[in-house]
Structure formats: C-alpha cells, structure tokens
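Here is the structure we will look at, set down as structure tokens.
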Amino acid sequence: MKALCWHGKKDIRYDTVPDPVIEEPRDAIIKVSSCAICGSDLHLYDGFMPGMKQGDILGHEFMGEVVEVGPYNNRLKVGDRVVVPFTIACGECEQCRRGNFSVCERSNRHKDVADRVFGHTTAGLFGYTQLTGGYPGGQAEYVRVPFADVAPVVIPAGLSDEQVLFLGDILPTGWQAAAQCQIEPSDTVAIWGAGPVGQFSIRSAVLMGAEQVIAIDNVPERLAMARAGGAITLNFDDESVVERLAELTRGKGPEKCIDAVGMEAHASGTLDALYDRAKQALMLETDRAHVLREMIYVCRPAGTLSIPGVYGGVIDKLPFGAAMNKGLTFRMGQTHVNRWTDDLLQRIQDGQIDPSFVITHQVSLEQGPEMYKTFRDKQDGCIKVMLKP
Ligand code: NAD
Ligand code: ZN
Ligand code: ZN
C-alpha cells in the first residue's frame, strides 16, 4: 500500500510499504477514506519531537471503512464507517475506566521507555514517535487499529467525511481546551494560536458562553477565520499582546488563557525568543516557551492556563514565581478524545457544529509531502489539509 513516511527533518515521502495485518484479536484494519495533517505532525516534520525512526508511517487523524476485524472484536463489523481517535485506549485499565484515555496504562507497547522518560507511561498514539508506541499512522491507504473494540467512533449515515473527520483529534482538542477553563459568563478567554486547534478552541469557548474571546496570531487569514467564529483578534506583529489584552480587560487581564501554539512558538525579536532559539539550536532546550511565559504574565490572578499545545521535553526560564504568587491553575494534556466524542457527534448531527469550515485544502495522499510544507509555511492560505488516499 501507499503511505506517508518520515525519513528525517523536512523529509516526508510517499512510499510503498507492506499492508497492515491483524496482529491481536481485538484489532481491526481500516481502509482510510480521509486523513489530515495536524499541527502535531509539524513538530515531527520540523524535527523537534524526539523518538522518530526512519520509515515510520505518519498520521493520527483518519477515518474510513472497517475491512477486517480480529476474532475477539465484538463491537465493529466489516463495512462500518469509523473515525479513529488518535489516542489508543485499552478501555480496561484504571485510567481508561476514569475517562483519562490519553494516559491509558496499557496501550503503549513501548511502556518501559515512556516510564523512564516521563516517570509513567502515557497512551499509545498513532504515527507519533517510538515513545508512544511506534504505531504506524493513518496517512496511508490502510491502518491497523489496536484495541479497536474501544475507541473508534461509528458514524451514522448521512454525515460527510468533512463533517466528522476532526472528531478524532482537533475538534475534541479545542473543546477540551475550553472545557478545562470552566468558563463562566463573565470570563474573557484569550487564545494564542489561530491554527485549527485554536479555531476549535475559539468556537468552543463561544459556545460555552464566554463574555469575550480574544484570538492571537499573526496570520491574517487565520485571524479572519477567528473573527468569523466570534473572536476579537490581535495580530502580535502589529500590536503588543500585553497592552491590548490589558485594554480589553480594564487592566485586569483575561481570566482564562489557552495555549494552542505549543513548542514552536514564534516571537519577533524579543529577548526570550532569541534565548530559546539559541538554546534549541544547541540542543540545551527542546521547546520554545514564549507563549507560556506571556500567558503567565498576562493572566488575571487566580486564573487558569489551559494548554492543548504540545510540548516534548524541557523548557527554560519559566516565570514560576509569577505563576505561583498569582495563584494560577495549569491544566493540560493530550486530549482524552473519547470523553467528548458522543456529545460532539450529537452536536454535529444537530447542526450546532460543522467542523468542515476549517478545511482549506483537499488533495490526494500522494500530494502529502508538498502539503506538509504548504501547511507549515502557511502558504496559499493553508489552514487545514485533508488528504484522500
Ligand atoms: P498550527 O501550527 O497550524 O497552529 C499554530 C498557530 O500558532 C499558527 O497559526 C501560528 O501562526 C501561531 N503562533 C505561533 N507563535 C505564536 C505566538 N507567539 N502567539 C500566538 N500565536 C502564535 O497547529 P494546530 O494544528 O492548530 O495545533 C496547535 C498546537 O496544538 C500544536 O502544538 C499541536 O501539536 C497541538 N495539538 C495538541 C493536541 C492535544 O491532544 N493536546 C491535539 C492536536 C494538536
Ligand atoms: Zn493531532
Ligand atoms: Zn487503558
């Protein structure tokens, strides 16, 4: 079959690889009808996330048709149409039973490595480094789905791929980012990053009833999409984030701050950004913390920082004293996708949410390698890429 494979920094190829087969009795094989490139894939493309191996199949946002099921899988049938969450959940461990699916204790087949690096393992993820199991991803014609009797969401007839594909990652990610803020009607929610995750965070915060939602980015078409979703926008190239947020909150700062940027934050010329770039280049620091520092500084005392943006390793010079003395709450994590999917699928069916608005590019899987670059460089107005195998 054909698949997009990682061969090193900025080197993604459309390769021919062996077809997946059933390995465990609860597995299923999915014929992929649609998949997408996520901001998290860019961290692999840019070489910032450790643990990739030459030839690894990428992709963790995908859906399709069940073409084969293992003998113990009593839930899926051949022919079912499913969206597959990017977090692999066993459904039985203590964390899964509590709904903490992204920290499933059993689905990471490289648990020993993760135990050493993080102290405790987290869930296995599709197409996302050896540290989270080294599972082949879904930017491919076919995928093997482990524990396929737990997480895949069966899609009722009448909904298009465009409407439901993002149930597997970025829609629940934006939703969880907002839910973690426990938004109250008087809250200002400031959201850094108007990429796909930021866009869904914006719309979720609006739906959850925030008084004002402020989106921060420097890409005009992303800011325009944020305004269409109900946000006030702030271009950090043109104005001071600190000053404008103060102005919009009568000097008090936003109660809730969401980091939908993660470890590759840009900052034009600020001292901390130069410091981060230098340390990252020397491999003394893996992640650029500019957005985290800014959020700690501007957040209203007793406020909440919600962090869906991905970080991979260590960061430097985090003003922890400000965070501690201001009494800030930090909430973060890979998304517990299945915690939110029933509710979000219902909202899509009811017409309350239509996630397809975020798609700007729909092309064949073969064009994947060039689309990584287009998405990363924000060329051609690119906000979200959907790929068709
Ligand atoms: P993206 O790269 O398209 O979006 C990031 C946006 O941040 C870009 O529009 C960029 O211009 C903007 N940005 C950069 N520096 C900024 C700054 N200093 N201030 C404000 N904005 C800035 O990616 P995406 O798909 O939207 O993903 C965003 C983040 O969410 C990534 O880190 C990704 O890994 C993460 N993510 C996490 C989960 C999860 O489960 N927690 C799931 C999906 C994605
Ligand atoms: Zn993702
Ligand atoms: Zn589990």
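The chains in the structure tokens are called A, B, ... from first to last as shown; in each chain the residues are counted from 1, and the ligands are counted from 1 in the order shown.
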- [ ] Show which residues sit within 8 Å of range 205-212 of chain A, as a ChimeraX atom specification. Count only C-alpha atoms, and ignore same-chain residues fewer than 4 positions away.
- [x] /A:175,178-179,183-189,201,230-232
Task: Neighbourhood of ligand 2 at 9 Å, counting only C-alpha atoms and all ligand atoms, reported as a PyMOL selection string - done: chain A and resi 36-41+59-61+86+168-170+173+197+334
Convert the current residue selection to file output with N, CA and C atoms, as a PDB file, in the first residue's frame.
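Once everything was written out, this is part-v9.pdb:
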ATOM      1  N   ALA A  36      -5.784  13.639   7.649  1.00  0.00           N
ATOM      2  CA  ALA A  36      -5.417  15.056   7.692  1.00  0.00           C
ATOM      3  C   ALA A  36      -4.022  15.219   8.284  1.00  0.00           C
ATOM      4  N   ILE A  37      -3.467  16.416   8.071  1.00  0.00           N
ATOM      5  CA  ILE A  37      -2.178  16.753   8.681  1.00  0.00           C
ATOM      6  C   ILE A  37      -2.464  17.652   9.878  1.00  0.00           C
ATOM      7  N   CYS A  38      -1.909  17.288  11.028  1.00  0.00           N
ATOM      8  CA  CYS A  38      -2.149  18.028  12.274  1.00  0.00           C
ATOM      9  C   CYS A  38      -0.941  18.907  12.598  1.00  0.00           C
ATOM     10  N   GLY A  39      -1.172  19.960  13.369  1.00  0.00           N
ATOM     11  CA  GLY A  39      -0.068  20.783  13.870  1.00  0.00           C
ATOM     12  C   GLY A  39       0.952  19.941  14.628  1.00  0.00           C
ATOM     13  N   SER A  40       0.497  18.874  15.258  1.00  0.00           N
ATOM     14  CA  SER A  40       1.432  17.992  15.969  1.00  0.00           C
ATOM     15  C   SER A  40       2.371  17.296  14.988  1.00  0.00           C
ATOM     16  N   ASP A  41       1.887  17.007  13.773  1.00  0.00           N
ATOM     17  CA  ASP A  41       2.761  16.389  12.766  1.00  0.00           C
ATOM     18  C   ASP A  41       3.891  17.345  12.367  1.00  0.00           C
ATOM     19  N   GLY A  59       0.725  10.165  10.731  1.00  0.00           N
ATOM     20  CA  GLY A  59      -0.705  10.433  10.653  1.00  0.00           C
ATOM     21  C   GLY A  59      -1.512   9.888  11.814  1.00  0.00           C
ATOM     22  N   HIS A  60      -2.275  10.782  12.458  1.00  0.00           N
ATOM     23  CA  HIS A  60      -3.124  10.322  13.566  1.00  0.00           C
ATOM     24  C   HIS A  60      -4.534  10.893  13.477  1.00  0.00           C
ATOM     25  N   GLU A  61      -4.851  11.534  12.334  1.00  0.00           N
ATOM     26  CA  GLU A  61      -6.231  11.993  12.108  1.00  0.00           C
ATOM     27  C   GLU A  61      -6.720  11.243  10.882  1.00  0.00           C
ATOM     28  N   PHE A  86      -7.019   9.609  17.986  1.00  0.00           N
ATOM     29  CA  PHE A  86      -5.552   9.466  17.881  1.00  0.00           C
ATOM     30  C   PHE A  86      -4.940   8.811  19.102  1.00  0.00           C
ATOM     31  N   GLY A 168     -11.733  12.877  15.643  1.00  0.00           N
ATOM     32  CA  GLY A 168     -10.652  12.026  16.130  1.00  0.00           C
ATOM     33  C   GLY A 168      -9.535  12.781  16.810  1.00  0.00           C
ATOM     34  N   ASP A 169      -9.516  14.122  16.678  1.00  0.00           N
ATOM     35  CA  ASP A 169      -8.421  14.876  17.295  1.00  0.00           C
ATOM     36  C   ASP A 169      -8.789  16.347  17.545  1.00  0.00           C
ATOM     37  N   ILE A 170      -8.689  17.181  16.492  1.00  0.00           N
ATOM     38  CA  ILE A 170      -8.676  18.625  16.765  1.00  0.00           C
ATOM     39  C   ILE A 170      -9.987  19.207  17.284  1.00  0.00           C
ATOM     40  N   THR A 173     -10.030  18.350  20.869  1.00  0.00           N
ATOM     41  CA  THR A 173      -8.890  19.052  21.479  1.00  0.00           C
ATOM     42  C   THR A 173      -9.252  20.514  21.779  1.00  0.00           C
ATOM     43  N   VAL A 197      -6.458  24.012  15.853  1.00  0.00           N
ATOM     44  CA  VAL A 197      -6.817  23.792  17.267  1.00  0.00           C
ATOM     45  C   VAL A 197      -7.333  25.095  17.881  1.00  0.00           C
ATOM     46  N   GLN A 334      -2.568  15.697  26.342  1.00  0.00           N
ATOM     47  CA  GLN A 334      -3.111  15.163  25.097  1.00  0.00           C
ATOM     48  C   GLN A 334      -4.587  14.922  25.384  1.00  0.00           C
TER      49      GLN A 334
END
- [ ] Name each residue within 7 Å of ligand 1, counting only C-alpha atoms and all ligand atoms, as a PyMOL selection string.
- [x] chain A and resi 38-43+169-170+173+192-198+216-219+222+236+260-267+290-291+308-311+333-335+376+383
Task: Contacts to ligand 3 at 7 Å cut-off (only C-alpha atoms and all ligand atoms) as a list in words - done: Ala89, Cys90, Gly91, Glu92, Cys93, Glu94, Gln95, Cys96, Phe101, Cys104, Glu105, Arg106 and Ser107 of chain A
Open item on the list: I'd like to know which of A:Thr360, A:Gln176, A:Gln139, A:Asn325 is closest to Tyr297 in chain A, using only C-alpha atoms.
Closed with: A:Asn325
Open item on the list: as a count of residues only, please: every residue in range 10-154 of chain A that DSSP puts in strand (DSSP E or B).
Closed with: 43
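Here CA of Thr304 in chain A and CA of Arg98 in chain A stand 22.9 Å from one another.
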TODO: Identify, on the basis of only C-alpha atoms, every residue whose closest approach to Pro25 in chain A does not exceed 9 Å; exclude the query and any residue fewer than 2 positions from it along the same chain; express the result as a ChimeraX atom specification.
DONE: /A:22-23,27-28,69-73,146-147
Export of prior selection with all heavy atoms as a compact mmCIF listing (two decimals), in the first residue's frame:
# COMPACT_ATOMS: atom_id res chain seq x y z
N ILE A 22 -3.87 -8.07 10.85
CA ILE A 22 -4.36 -8.25 12.22
C ILE A 22 -3.24 -8.90 13.03
O ILE A 22 -2.71 -9.94 12.64
CB ILE A 22 -5.61 -9.16 12.22
CG1 ILE A 22 -6.75 -8.52 11.42
CG2 ILE A 22 -6.04 -9.54 13.64
CD1 ILE A 22 -7.58 -7.49 12.11
N GLU A 23 -2.86 -8.26 14.16
CA GLU A 23 -1.80 -8.84 15.00
C GLU A 23 -2.34 -9.34 16.32
O GLU A 23 -1.81 -10.27 16.92
CB GLU A 23 -0.72 -7.77 15.28
CG GLU A 23 0.06 -7.38 14.03
CD GLU A 23 1.03 -6.21 14.25
OE1 GLU A 23 1.42 -5.96 15.42
OE2 GLU A 23 1.38 -5.55 13.26
N ASP A 27 -7.92 -6.30 17.27
CA ASP A 27 -7.59 -5.35 16.20
C ASP A 27 -8.70 -5.20 15.16
O ASP A 27 -9.57 -6.08 15.04
CB ASP A 27 -6.38 -5.85 15.41
CG ASP A 27 -5.07 -5.74 16.17
OD1 ASP A 27 -5.09 -5.19 17.28
OD2 ASP A 27 -4.05 -6.20 15.63
N ALA A 28 -8.59 -4.14 14.39
CA ALA A 28 -9.34 -4.04 13.13
C ALA A 28 -8.43 -3.40 12.10
O ALA A 28 -7.48 -2.69 12.45
CB ALA A 28 -10.59 -3.20 13.32
N VAL A 69 -11.80 -7.59 10.91
CA VAL A 69 -11.78 -7.48 12.37
C VAL A 69 -11.19 -8.75 12.97
O VAL A 69 -11.35 -9.84 12.41
CB VAL A 69 -13.18 -7.24 13.00
CG1 VAL A 69 -13.70 -5.85 12.68
CG2 VAL A 69 -14.17 -8.29 12.56
N GLY A 70 -10.50 -8.58 14.11
CA GLY A 70 -9.93 -9.73 14.81
C GLY A 70 -11.04 -10.55 15.47
O GLY A 70 -12.16 -10.06 15.67
N PRO A 71 -10.71 -11.80 15.86
CA PRO A 71 -11.73 -12.73 16.39
C PRO A 71 -12.38 -12.28 17.71
O PRO A 71 -13.49 -12.69 18.00
CB PRO A 71 -10.96 -14.04 16.56
CG PRO A 71 -9.52 -13.68 16.55
CD PRO A 71 -9.40 -12.46 15.70
N TYR A 72 -11.69 -11.44 18.54
CA TYR A 72 -12.29 -11.02 19.81
C TYR A 72 -12.96 -9.66 19.71
O TYR A 72 -13.36 -9.09 20.71
CB TYR A 72 -11.24 -10.94 20.93
CG TYR A 72 -10.62 -12.25 21.34
CD1 TYR A 72 -9.61 -12.26 22.29
CD2 TYR A 72 -11.05 -13.45 20.80
CE1 TYR A 72 -9.01 -13.46 22.66
CE2 TYR A 72 -10.45 -14.64 21.16
CZ TYR A 72 -9.43 -14.65 22.09
OH TYR A 72 -8.83 -15.80 22.46
N ASN A 73 -13.01 -9.10 18.51
CA ASN A 73 -13.61 -7.78 18.39
C ASN A 73 -15.11 -7.95 18.11
O ASN A 73 -15.53 -8.22 16.99
CB ASN A 73 -12.94 -6.99 17.26
CG ASN A 73 -13.36 -5.54 17.25
OD1 ASN A 73 -14.50 -5.22 17.56
ND2 ASN A 73 -12.45 -4.65 16.92
N PRO A 146 -5.22 -1.02 16.95
CA PRO A 146 -5.22 -1.91 18.11
C PRO A 146 -6.38 -1.54 19.05
O PRO A 146 -6.85 -0.40 19.02
CB PRO A 146 -3.88 -1.61 18.80
CG PRO A 146 -3.14 -0.66 17.91
CD PRO A 146 -4.14 -0.04 16.99
N PHE A 147 -6.82 -2.46 19.88
CA PHE A 147 -7.94 -2.23 20.81
C PHE A 147 -9.11 -1.58 20.06
O PHE A 147 -9.75 -0.65 20.56
CB PHE A 147 -7.52 -1.34 21.99
CG PHE A 147 -6.40 -1.91 22.82
CD1 PHE A 147 -5.12 -1.36 22.77
CD2 PHE A 147 -6.62 -2.99 23.66
CE1 PHE A 147 -4.08 -1.88 23.54
CE2 PHE A 147 -5.59 -3.53 24.43
CZ PHE A 147 -4.32 -2.97 24.37
